Every structure is written in C-alpha cells, then in structure tokens.
$ cat run_13.txt   # compact mmCIF, C-alpha atoms
# COMPACT_ATOMS: atom_id res chain seq x y z
CA MET A 1 124.14 25.45 117.03
CA ARG A 2 126.55 28.38 117.63
CA ASP A 3 125.87 30.35 114.47
CA SER A 4 124.04 33.43 113.33
CA ASP A 5 120.99 31.31 112.44
CA ALA A 6 120.61 30.30 116.07
CA TYR A 7 121.02 33.93 117.20
CA LEU A 8 118.38 35.12 114.77
CA THR A 9 115.97 32.32 115.68
CA LEU A 10 116.42 33.00 119.40
CA LEU A 11 115.84 36.71 118.86
CA VAL A 12 112.71 36.28 116.74
CA GLN A 13 111.19 33.41 118.76
CA PHE A 14 111.61 35.05 122.15
CA ALA A 15 110.49 38.45 120.86
CA LEU A 16 107.26 36.79 119.66
CA ILE A 17 106.90 34.88 122.91
CA SER A 18 107.43 38.13 124.84
CA LEU A 19 104.41 39.63 123.08
CA ILE A 20 102.08 36.76 123.98
CA ALA A 21 103.31 36.33 127.58
CA VAL A 22 100.19 37.79 129.17
CA GLY A 23 100.28 36.94 132.86
CA GLY A 24 104.02 36.51 133.15
CA ALA A 25 106.89 34.32 132.05
CA ASN A 26 105.42 31.08 133.42
CA THR A 27 102.42 31.21 131.10
CA VAL A 28 104.68 30.81 128.05
CA VAL A 29 106.55 27.76 129.37
CA PRO A 30 104.38 25.44 127.18
CA GLU A 31 105.18 27.56 124.10
CA ILE A 32 108.92 27.71 124.89
CA HIS A 33 108.83 23.94 125.41
CA ARG A 34 107.09 23.44 122.08
CA GLN A 35 109.63 25.63 120.26
CA VAL A 36 112.93 24.46 121.77
CA VAL A 37 112.09 20.81 122.53
CA GLU A 38 109.42 19.68 120.06
CA VAL A 39 110.00 21.87 116.98
CA ARG A 40 113.76 22.58 117.00
CA HIS A 41 115.10 19.71 119.14
CA TRP A 42 117.66 22.02 120.75
CA ILE A 43 117.06 20.60 124.21
CA SER A 44 115.70 17.31 125.52
CA ASP A 45 112.56 17.10 127.64
CA ARG A 46 114.63 16.28 130.69
CA GLN A 47 117.16 19.09 130.13
CA PHE A 48 114.24 21.49 129.74
CA SER A 49 112.83 20.62 133.16
CA GLU A 50 116.33 20.72 134.72
CA LEU A 51 117.01 24.19 133.31
CA PHE A 52 113.61 25.33 134.54
CA ALA A 53 114.45 23.98 137.98
CA ILE A 54 117.74 25.92 138.04
CA ALA A 55 115.93 29.13 137.09
CA GLN A 56 113.25 28.52 139.75
CA ALA A 57 115.80 27.73 142.45
CA ALA A 58 117.92 30.82 141.77
CA PRO A 59 116.86 34.25 143.01
CA GLY A 60 115.49 36.72 140.50
CA PRO A 61 112.50 37.03 138.17
CA ASN A 62 111.34 33.79 136.53
CA VAL A 63 112.04 35.32 133.13
CA VAL A 64 115.75 34.47 133.49
CA PHE A 65 114.70 30.94 132.49
CA VAL A 66 115.04 32.19 128.91
CA THR A 67 118.57 33.42 129.75
CA LEU A 68 119.47 29.82 130.61
CA ILE A 69 117.82 28.44 127.46
CA GLY A 70 119.66 31.02 125.33
CA HIS A 71 122.94 30.16 127.07
CA TYR A 72 122.42 26.45 126.49
CA VAL A 73 121.64 26.96 122.80
CA ALA A 74 124.21 29.63 121.86
CA GLY A 75 126.50 30.54 124.77
CA ILE A 76 126.78 33.98 126.37
CA PRO A 77 125.61 35.86 123.24
CA GLY A 78 122.61 33.53 123.17
CA ALA A 79 121.89 34.23 126.84
CA LEU A 80 121.98 38.00 126.34
CA LEU A 81 120.01 37.86 123.07
CA ALA A 82 117.26 35.66 124.50
CA THR A 83 116.93 37.91 127.58
CA PHE A 84 116.87 41.06 125.46
CA ALA A 85 114.34 39.58 123.02
CA MET A 86 112.11 38.41 125.88
CA CYS A 87 112.11 41.82 127.60
CA ALA A 88 112.46 44.54 124.97
CA PRO A 89 109.08 44.27 123.18
CA SER A 90 106.99 43.89 126.33
CA CYS A 91 108.95 46.61 128.20
CA THR A 92 108.39 49.03 125.33
CA ILE A 93 104.68 48.28 125.45
CA ALA A 94 104.66 48.63 129.24
CA TYR A 95 106.38 52.00 128.99
CA VAL A 96 103.97 53.39 126.42
CA VAL A 97 100.76 51.86 127.74
CA ALA A 98 101.50 52.86 131.36
CA LYS A 99 101.23 56.48 130.35
CA VAL A 100 98.00 55.97 128.39
CA PHE A 101 96.33 53.47 130.74
CA ASP A 102 96.85 55.57 133.86
CA ARG A 103 94.18 57.88 132.51
CA PHE A 104 91.62 55.02 132.37
CA LYS A 105 92.24 53.57 135.83
CA ASP A 106 88.54 53.28 136.70
CA ALA A 107 87.17 52.61 133.23
CA ARG A 108 84.81 49.63 133.01
CA TRP A 109 86.27 48.28 129.76
CA ARG A 110 89.68 48.10 131.39
CA ASN A 111 88.42 46.05 134.32
CA ILE A 112 86.48 43.72 131.99
CA ILE A 113 89.58 43.05 129.89
CA GLN A 114 91.54 42.38 133.04
CA ALA A 115 88.91 40.02 134.50
CA GLY A 116 88.76 38.18 131.17
CA LEU A 117 92.51 37.66 130.96
CA VAL A 118 92.88 36.15 134.43
CA PRO A 119 91.25 32.71 133.73
CA VAL A 120 93.34 32.24 130.58
CA THR A 121 96.45 33.03 132.62
CA ILE A 122 95.48 30.46 135.24
CA GLY A 123 94.86 27.76 132.64
CA LEU A 124 98.25 28.43 131.06
CA ILE A 125 100.12 28.33 134.38
CA ALA A 126 98.38 25.03 135.20
CA ALA A 127 99.42 23.71 131.77
CA SER A 128 103.03 24.71 132.48
CA ALA A 129 102.87 22.88 135.80
CA LEU A 130 101.56 19.72 134.12
CA ILE A 131 104.24 19.74 131.42
CA LEU A 132 106.99 20.22 133.99
CA ALA A 133 105.56 17.64 136.40
CA ARG A 134 105.34 15.05 133.59
CA ALA A 135 108.98 15.62 132.70
CA ALA A 136 110.18 15.67 136.31
CA ASP A 137 108.15 12.88 137.90
CA ARG A 138 109.94 9.73 136.85
CA ASP A 139 109.30 7.58 139.94
CA GLY A 140 107.36 7.45 143.19
CA LEU A 141 109.77 9.64 145.12
CA SER A 142 109.88 12.47 142.56
CA PHE A 143 106.09 12.34 142.33
CA SER A 144 105.89 12.60 146.13
CA LEU A 145 108.23 15.61 146.02
CA THR A 146 105.94 17.38 143.55
CA ALA A 147 102.89 16.55 145.68
CA GLY A 148 104.69 17.54 148.89
CA SER A 149 105.98 20.88 147.61
CA PHE A 150 102.52 21.63 146.25
CA ALA A 151 100.96 20.84 149.65
CA LEU A 152 103.48 22.98 151.56
CA ALA A 153 103.09 25.92 149.18
CA TYR A 154 99.30 25.70 149.04
CA TRP A 155 98.32 24.92 152.63
CA THR A 156 101.14 26.41 154.70
CA LYS A 157 103.11 29.65 154.79
CA VAL A 158 106.44 27.83 154.59
CA SER A 159 108.97 29.54 152.31
CA PRO A 160 109.32 27.93 148.85
CA LEU A 161 112.99 27.57 149.76
CA VAL A 162 112.09 24.73 152.16
CA PRO A 163 110.67 22.24 149.61
CA LEU A 164 113.29 23.28 147.03
CA GLY A 165 116.10 22.79 149.57
CA LEU A 166 114.77 19.45 150.82
CA ALA A 167 114.28 18.13 147.29
CA ALA A 168 117.78 19.27 146.28
CA ALA A 169 119.26 17.57 149.35
CA LEU A 170 117.43 14.29 148.67
CA GLY A 171 118.61 14.35 145.08
CA LEU A 172 122.19 15.19 146.06
CA ALA A 173 122.14 12.24 148.45
CA GLY A 174 121.48 10.00 145.46
CA LEU A 175 117.89 9.11 146.24
CA LEU A 176 116.54 10.29 142.87
CA MET B 1 103.14 49.85 159.67
CA THR B 2 99.83 49.53 161.53
CA THR B 3 99.18 53.27 161.39
CA PRO B 4 96.63 54.06 158.69
CA GLU B 5 98.31 56.25 156.14
CA ASN B 6 96.88 59.25 154.47
CA PRO B 7 96.81 58.45 150.76
CA SER B 8 97.49 62.07 149.92
CA THR B 9 100.73 62.07 151.92
CA PRO B 10 103.47 62.98 149.47
CA ARG B 11 105.69 59.96 148.97
CA PRO B 12 109.44 60.12 148.48
CA VAL B 13 110.45 59.79 144.84
CA PRO B 14 113.55 57.60 144.53
CA THR B 15 116.57 58.71 142.57
CA ILE B 16 118.00 56.73 139.65
CA SER B 17 120.56 54.93 141.82
CA GLU B 18 118.03 54.26 144.59
CA LEU B 19 115.77 52.63 141.96
CA PHE B 20 118.62 50.49 140.67
CA TRP B 21 119.63 49.20 144.12
CA ALA B 22 116.06 48.66 145.33
CA PHE B 23 115.31 46.45 142.32
CA THR B 24 118.65 44.70 142.72
CA LYS B 25 117.63 43.81 146.26
CA ILE B 26 114.20 42.64 145.05
CA ALA B 27 115.88 40.39 142.49
CA LEU B 28 118.49 38.89 144.80
CA PHE B 29 116.10 38.16 147.67
CA GLY B 30 113.38 36.80 145.38
CA PHE B 31 113.83 33.05 145.55
CA GLY B 32 110.92 31.32 143.83
CA GLY B 33 109.43 34.56 142.47
CA VAL B 34 110.16 38.24 143.02
CA LEU B 35 106.66 39.58 143.54
CA VAL B 36 106.70 39.06 147.31
CA TRP B 37 109.91 41.06 147.61
CA ALA B 38 108.82 43.77 145.21
CA ARG B 39 105.90 44.49 147.53
CA ARG B 40 107.99 44.21 150.68
CA VAL B 41 110.75 46.57 149.53
CA ILE B 42 108.63 49.18 147.75
CA VAL B 43 105.58 49.29 150.01
CA GLN B 44 106.87 48.34 153.47
CA GLU B 45 110.55 49.22 153.61
CA LYS B 46 110.87 52.25 151.34
CA LYS B 47 107.21 53.35 151.48
CA TRP B 48 107.54 54.61 147.92
CA LEU B 49 103.99 53.39 147.12
CA SER B 50 100.93 52.62 149.25
CA ALA B 51 99.57 49.06 149.09
CA GLU B 52 96.70 50.33 146.91
CA GLU B 53 99.01 52.13 144.49
CA PHE B 54 101.18 49.03 144.28
CA ASN B 55 98.13 46.89 143.41
CA ALA B 56 97.00 49.36 140.77
CA VAL B 57 100.38 49.34 139.01
CA LEU B 58 100.65 45.57 139.27
CA ALA B 59 97.15 45.01 137.89
CA LEU B 60 98.11 47.07 134.88
CA CYS B 61 101.23 44.92 134.42
CA GLN B 62 99.12 41.77 134.40
CA VAL B 63 96.98 43.10 131.58
CA LEU B 64 100.05 43.63 129.44
CA PRO B 65 102.23 40.96 127.84
CA GLY B 66 105.62 40.23 129.35
CA PRO B 67 106.96 39.18 132.73
CA ASN B 68 104.89 40.95 135.43
CA VAL B 69 107.60 42.26 137.72
CA VAL B 70 109.78 43.25 134.74
CA ASN B 71 106.84 45.32 133.48
CA PHE B 72 106.37 46.66 136.98
CA SER B 73 109.98 47.86 137.13
CA VAL B 74 109.56 49.69 133.81
CA MET B 75 106.26 51.31 134.81
CA TYR B 76 107.28 52.36 138.28
CA GLY B 77 110.75 53.47 137.15
CA SER B 78 109.34 55.58 134.34
CA ARG B 79 106.84 57.18 136.71
CA CYS B 80 109.69 58.20 139.03
CA ALA B 81 112.32 59.34 136.58
CA GLY B 82 111.19 58.88 132.98
CA ILE B 83 113.03 56.57 130.65
CA ARG B 84 116.21 56.67 132.73
CA GLY B 85 114.25 55.57 135.78
CA ALA B 86 112.66 52.75 133.78
CA LEU B 87 116.08 51.53 132.63
CA ALA B 88 117.60 51.83 136.12
CA ALA B 89 114.84 49.71 137.68
CA LEU B 90 114.91 47.20 134.79
CA PHE B 91 118.68 46.76 134.94
CA GLY B 92 118.57 46.49 138.72
CA LEU B 93 116.06 43.66 138.41
CA LEU B 94 117.87 41.78 135.64
CA LEU B 95 121.62 42.42 135.88
CA PHE B 96 122.61 40.08 138.70
CA PRO B 97 120.10 37.30 137.91
CA VAL B 98 121.29 37.22 134.28
CA VAL B 99 124.95 37.00 135.35
CA LEU B 100 123.96 34.30 137.83
CA MET B 101 122.16 32.33 135.09
CA ILE B 102 125.18 32.53 132.78
CA VAL B 103 127.37 31.13 135.59
CA ALA B 104 124.76 28.46 136.38
CA GLY B 105 124.44 27.57 132.69
CA THR B 106 128.20 27.18 132.38
CA LEU B 107 128.31 24.93 135.45
CA TYR B 108 125.37 22.93 134.08
CA ALA B 109 127.09 22.40 130.71
CA ARG B 110 130.28 21.24 132.48
CA TYR B 111 128.95 19.26 135.44
CA GLY B 112 125.34 18.57 134.41
CA HIS B 113 126.14 14.91 133.73
CA LEU B 114 127.39 14.20 137.28
CA PRO B 115 124.99 11.84 139.07
CA GLN B 116 124.82 14.01 142.23
CA LEU B 117 123.94 17.10 140.23
CA GLN B 118 121.47 15.13 138.10
CA GLY B 119 119.83 13.93 141.30
CA MET B 120 119.74 17.42 142.78
CA LEU B 121 118.21 18.87 139.63
CA ALA B 122 115.68 16.04 139.45
CA GLY B 123 114.65 16.92 143.01
CA LEU B 124 114.49 20.65 142.24
CA ALA B 125 112.47 20.02 139.07
CA ALA B 126 109.92 17.89 140.94
CA ALA B 127 109.57 20.48 143.73
CA ALA B 128 109.40 23.40 141.28
CA ALA B 129 106.53 21.71 139.43
CA GLY B 130 104.65 21.37 142.73
CA LEU B 131 105.16 25.07 143.51
CA LEU B 132 103.74 26.00 140.12
CA ILE B 133 100.63 23.85 140.67
CA ALA B 134 100.09 25.70 143.96
CA THR B 135 100.42 29.08 142.23
CA ALA B 136 97.85 28.12 139.59
CA LEU B 137 95.37 26.95 142.25
CA GLU B 138 95.91 30.05 144.41
CA MET B 139 95.14 32.24 141.42
CA ALA B 140 92.05 30.16 140.66
CA LYS B 141 90.91 30.66 144.26
CA ALA B 142 91.19 34.44 143.84
CA THR B 143 89.01 34.19 140.70
CA THR B 144 86.37 32.29 142.69
CA ARG B 145 86.24 35.16 145.15
CA ALA B 146 85.80 37.56 142.26
CA GLY B 147 82.69 35.55 141.30
CA LEU B 148 83.67 34.62 137.76
CA LYS B 149 81.88 31.36 136.94
CA VAL B 150 82.66 31.09 133.24
CA GLY B 151 86.25 31.80 134.27
CA HIS B 152 86.66 28.26 135.62
CA VAL B 153 85.48 26.74 132.34
CA VAL B 154 87.86 28.98 130.39
CA ALA B 155 90.76 28.17 132.75
CA ALA B 156 90.04 24.41 132.48
CA ALA B 157 89.70 24.53 128.68
CA THR B 158 92.93 26.53 128.35
CA PHE B 159 94.68 24.01 130.60
CA VAL B 160 93.50 21.07 128.47
CA ALA B 161 94.38 22.80 125.17
CA ALA B 162 97.88 23.94 126.18
CA GLY B 163 98.81 21.31 128.75
CA ILE B 164 97.28 18.08 127.44
CA PHE B 165 96.94 18.67 123.69
CA ARG B 166 99.97 21.04 123.64
CA LEU B 167 98.43 23.35 121.06
CA PRO B 168 100.41 26.48 120.07
CA LEU B 169 99.92 29.29 122.59
CA LEU B 170 98.90 31.90 120.02
CA ALA B 171 96.10 29.69 118.72
CA VAL B 172 94.91 28.91 122.25
CA MET B 173 94.90 32.58 123.20
CA ALA B 174 93.23 33.68 119.95
CA VAL B 175 90.24 31.51 120.93
CA ALA B 176 90.28 31.74 124.73
CA VAL B 177 90.89 35.48 125.24
CA PRO B 178 87.91 36.84 123.26
CA ILE B 179 85.55 34.24 124.81
CA SER B 180 86.84 35.01 128.27
CA ILE B 181 86.57 38.79 127.89
CA ALA B 182 83.05 38.44 126.46
CA ALA B 183 82.13 36.24 129.44
CA ALA B 184 83.58 38.78 131.89
CA TRP B 185 81.53 41.49 130.21
CA TRP B 186 78.38 39.32 130.37
CA GLU B 187 78.86 38.50 134.07
CA THR B 188 79.50 42.07 135.16
CA ARG B 189 76.63 43.66 133.24

$ encode --input "run_13.txt" --output "structure tokens"
Amino acid sequence: MRDSDAYLTLLVQFALISLIAVGGANTVVPEIHRQVVEVRHWISDRQFSELFAIAQAAPGPNVVFVTLIGHYVAGIPGALLATFAMCAPSCTIAYVVAKVFDRFKDARWRNIIQAGLVPVTIGLIAASALILARAADRDGLSFSLTAGSFALAYWTKVSPLVPLGLAAALGLAGLL
Amino acid sequence: MTTPENPSTPRPVPTISELFWAFTKIALFGFGGVLVWARRVIVQEKKWLSAEEFNAVLALCQVLPGPNVVNFSVMYGSRCAGIRGALAALFGLLLFPVVLMIVAGTLYARYGHLPQLQGMLAGLAAAAAGLLIATALEMAKATTRAGLKVGHVVAAATFVAAGIFRLPLLAVMAVAVPISIAAAWWETR
C-alpha cells in the first residue's frame, strides 16, 4: 500500500474526518475504524485496537493515533500526511473562528449550539469505547481489565497511568 | 494559588519560544490525554490565563471540529502572537508526540508479532477501552448537572447508531446535531 494512491486516500479521508471531529479525536474513532478496517481493509480489527492502545499509552494529544495509522499504512510519509490532514483543516477553522467567535462570547445562540453538541459528543465517545472494548476483550481477564480501569478512572482519582501500567505488566507476563 | 485573583490583572503574554516549550511540556506530560496538563501549565504554573479564561477558550474549541487541545493551542497561540504564535504552540504540542509515534510504529511493525508485546498491547487495549468508557460517563454526568434531559436520549441514540449499528459518522451527525441543538433551544427557552 506504499503508493501515491494510499497517500492521496489518507490525505482526503483524514481531512474529511478532521472536519467532522466535533468534540475531539476520540469521537471519530468509529469513523476511522469504518474507513481503515471495514471499507479499505488496511488494518485488522485487532491491529486497530493495538494501535489505539499504543497512542493512548504514549504521552501527547490523542490525535497522534492517526499518525500511527498513517505510519502503518504508508510509512513515515503516511504518518506525516495523516497528521497534517487531520490537523490542517480544523486548525484553519479554529484560527479564523476564534477571532469571530470571541465577539459573541455571551450570545445565546452560541451557548445553545454548544449545549446541543455535547450529547452527540458523549454518544460518539461511548460508541468508540464500545468498539474498542469489543475488539480488546477476548477473554475474562481482558474484560476484567476494561471493567477495572473504568472503575479506577470513574470512581477514584488514581492516574490513568496506573491501570495502563498494570494491564501492560499483566500482558507482558504472558497472562493475556 | 488560593489567593483570589483580580481578573483585570494584566497577564504575561508568552513569547514564541515560551509558547513552543510550554506546549511541548503539556504534550510530553500528558499521558492518557493532554487536557489536564494544558490547564495545569497554562493556568497554574505560568498563570497566562485565569481558570475562567481557560474555560472560555476551551468551550469554544469544543464547538469547533478537530482535536480539542490542538484547537486550543492554535487559538491561544494566535491570541498571544498571531499566526506565528499559533504555529509555535501547535508544533510544540505535536512535534515530539509525532516523532514518538513514528518510533513506536516502527517498533510495532518489527516486534508487534512477539507474544510478550502482543500480550502487553492486549492489556493496554483493554485498559484504554475502560478509560474511554469512564470519560464518556463523566461527560454525561456533567450534562445531567446542566439539566439537559433530551440530551440523554440524543447521547443514547448516537451511541446506538455509531457504536452498535456502526453507521457512517456524517450521517449520524447530520441527524443528531440538528435535533440536539433544537432540543437545547427548546429546553433553555
């Protein structure tokens, strides 16, 4: 898949995804999954969840998940293209709209739009979580890890590094 | 930190290189999401923005498409030093993580088949999914406080459409966003 077709497809697909990523990179995980796993068969379901796990475990914004996908599909040019495509359209919008929107900070229509977008964002993040959990939870132990990291993150103030580190250690020890 | 601050106090405006290194720090400390560190560095350590100003900029980022903290870096950077500030903050946030991902991707392609690494990634994937479930529920909790009742129905319907039926995101949003905004308008009349 290391040809100009792959570069172009990466560029166009991630530029489009960038424009619909309201609420952040995690909301478009289902769409990225649909494109690269179900439509183009570039990556298997399992590889997708493994790449996502690498991106989550590493420091930095979650958007670098697309860097990994691009790298897997088309090497270093693919990594840079996918990152550029994912950031350039939305950053341009952010730059322009910031200047305009600052003038309407207290406008009612702005707050209504914002309040309306939040539930959609939540539904999409939950959908991402389901898709990733389905791919990752292959047995009782991996299911318990998902449940346990959820419980720690939701009910305690423990750093996300703790469940990630424990799960990595269990897997490294050959228990998964 | 406990002293109430006068909102009209003039705040230091970072230079281009200060922006770059602040966002580099935010990126490299931000395991499992950079938002926590964006707030910590910009509001608490550097005091470049008050907590309220930070929230206002971030809220604007959430209305717009694109990764939130990436948008934040562009908006805050441009406010400080125009387009050069925006680029400095953006590159600070992305440069090292992108290099790190290229290294990680190379290692994955070479050693991804090793059973130990497979096991480790299986563990990470399972834990990462759990963290994402927690994030979704925490956000839903914040919506409950905001008093949006139709919001829960919209969130649940979006979840079913995208997560269970795996419908294309654009189609889901084309239906869900107008309904949700109309509902928000109705509830806040």

$ residues_around --input "run_13.txt" --residues "A:Pro160" --least-positions-apart "6" --cutoff "12 Å" --atoms "all atoms listed in the file" --output "PyMOL selection string"
(chain A and resi 56-59+148-154+166-167) or (chain B and resi 30-34+36+124+127-132+134-135)

$ closest_residue --input "run_13.txt" --among "A:Thr27, A:Ile20, A:Leu132, A:Val162" --to "A:Ala53" --atoms "only C-alpha atoms"
A:Leu132

$ residues_around --input "run_13.txt" --residues "stretch 71-75 of chain B" --least-positions-apart "2" --cutoff "10 Å" --atoms "all atoms listed in the file" --output "ChimeraX atom specification"
/A:24,87,90-99 /B:19-20,23,35,38,54,57-62,64-69,77-80,82-93

$ closest_residue --input "run_13.txt" --among "B:Ala81, B:Leu28, B:Trp37, B:Phe165" --to "chain A" --atoms "all atoms listed in the file"
B:Leu28

$ closest_residue --input "run_13.txt" --among "A:Ser4, A:Gln13, A:Ser159, A:Gln114" --to "chain B" --atoms "all atoms listed in the file"
A:Gln114

$ residues_around --input "run_13.txt" --residues "A:Gly78" --least-positions-apart "2" --cutoff "9 Å" --atoms "only C-alpha atoms" --output "ChimeraX atom specification"
/A:2,6-7,10-11,67-76,80-83

$ write_last_selection --input "run_13.txt" --atoms "C-alpha atoms" --output "PDB file, keeping the file's coordinate frame"
ATOM      1  CA  ARG A   2     126.550  28.380 117.630  1.00  0.00           C
ATOM      2  CA  ALA A   6     120.610  30.300 116.070  1.00  0.00           C
ATOM      3  CA  TYR A   7     121.020  33.930 117.200  1.00  0.00           C
ATOM      4  CA  LEU A  10     116.420  33.000 119.400  1.00  0.00           C
ATOM      5  CA  LEU A  11     115.840  36.710 118.860  1.00  0.00           C
ATOM      6  CA  THR A  67     118.570  33.420 129.750  1.00  0.00           C
ATOM      7  CA  LEU A  68     119.470  29.820 130.610  1.00  0.00           C
ATOM      8  CA  ILE A  69     117.820  28.440 127.460  1.00  0.00           C
ATOM      9  CA  GLY A  70     119.660  31.020 125.330  1.00  0.00           C
ATOM     10  CA  HIS A  71     122.940  30.160 127.070  1.00  0.00           C
ATOM     11  CA  TYR A  72     122.420  26.450 126.490  1.00  0.00           C
ATOM     12  CA  VAL A  73     121.640  26.960 122.800  1.00  0.00           C
ATOM     13  CA  ALA A  74     124.210  29.630 121.860  1.00  0.00           C
ATOM     14  CA  GLY A  75     126.500  30.540 124.770  1.00  0.00           C
ATOM     15  CA  ILE A  76     126.780  33.980 126.370  1.00  0.00           C
ATOM     16  CA  LEU A  80     121.980  38.000 126.340  1.00  0.00           C
ATOM     17  CA  LEU A  81     120.010  37.860 123.070  1.00  0.00           C
ATOM     18  CA  ALA A  82     117.260  35.660 124.500  1.00  0.00           C
ATOM     19  CA  THR A  83     116.930  37.910 127.580  1.00  0.00           C
TER      20      THR A  83
END

$ closest_residue --input "run_13.txt" --among "A:Val22, A:Val64, A:Leu175, A:Asp106" --to "A:Ala85" --atoms "all atoms listed in the file"
A:Val64

$ closest_residue --input "run_13.txt" --among "B:Ala56, B:Ala104, B:Leu94, B:Ala27" --to "chain A" --atoms "all atoms listed in the file"
B:Ala27

$ closest_residue --input "run_13.txt" --among "A:Leu176, A:Asp5, A:Leu16, A:Arg34" --to "A:Asp139" --atoms "only C-alpha atoms"
A:Leu176

$ atom_distance --input "run_13.txt" --atom1 "atom CA of A:Ile113" --atom2 "atom CA of B:Ile133"
24.6 Å

$ residues_around --input "run_13.txt" --residues "stretch 150-155 of chain B" --least-positions-apart "6" --cutoff "7 Å" --atoms "only C-alpha atoms" --output "PyMOL selection string"
(chain A and resi 119-120+122-123) or (chain B and resi 176+180+183)

$ atom_distance --input "run_13.txt" --atom1 "atom CA of A:Ala88" --atom2 "atom CA of B:Val172"
23.7 Å

$ residues_around --input "run_13.txt" --residues "A:Ile112" --least-positions-apart "3" --cutoff "7 Å" --atoms "all atoms listed in the file" --output "MDAnalysis selection string"
(chainID A and resid 108:109 115:116) or (chainID B and resid 181 184:185)

$ write_last_selection --input "run_13.txt" --atoms "C-alpha atoms" --output "short mmCIF file (atom, residue, chain, number, x, y, z; two decimals), in the coordinates of the input"
data_model
loop_
_atom_site.label_atom_id
_atom_site.label_comp_id
_atom_site.auth_asym_id
_atom_site.auth_seq_id
_atom_site.Cartn_x
_atom_site.Cartn_y
_atom_site.Cartn_z
CA ARG A 108 84.81 49.63 133.01
CA TRP A 109 86.27 48.28 129.76
CA ALA A 115 88.91 40.02 134.50
CA GLY A 116 88.76 38.18 131.17
CA ILE B 181 86.57 38.79 127.89
CA ALA B 184 83.58 38.78 131.89
CA TRP B 185 81.53 41.49 130.21
#

$ residues_near_point --input "run_13.txt" --point "(101.1, 23.1, 126.5)" --cutoff "8 Å" --atoms "all atoms listed in the file" --output "ChimeraX atom specification"
/A:29-31,33-34,124,127-128,131 /B:159,161-169
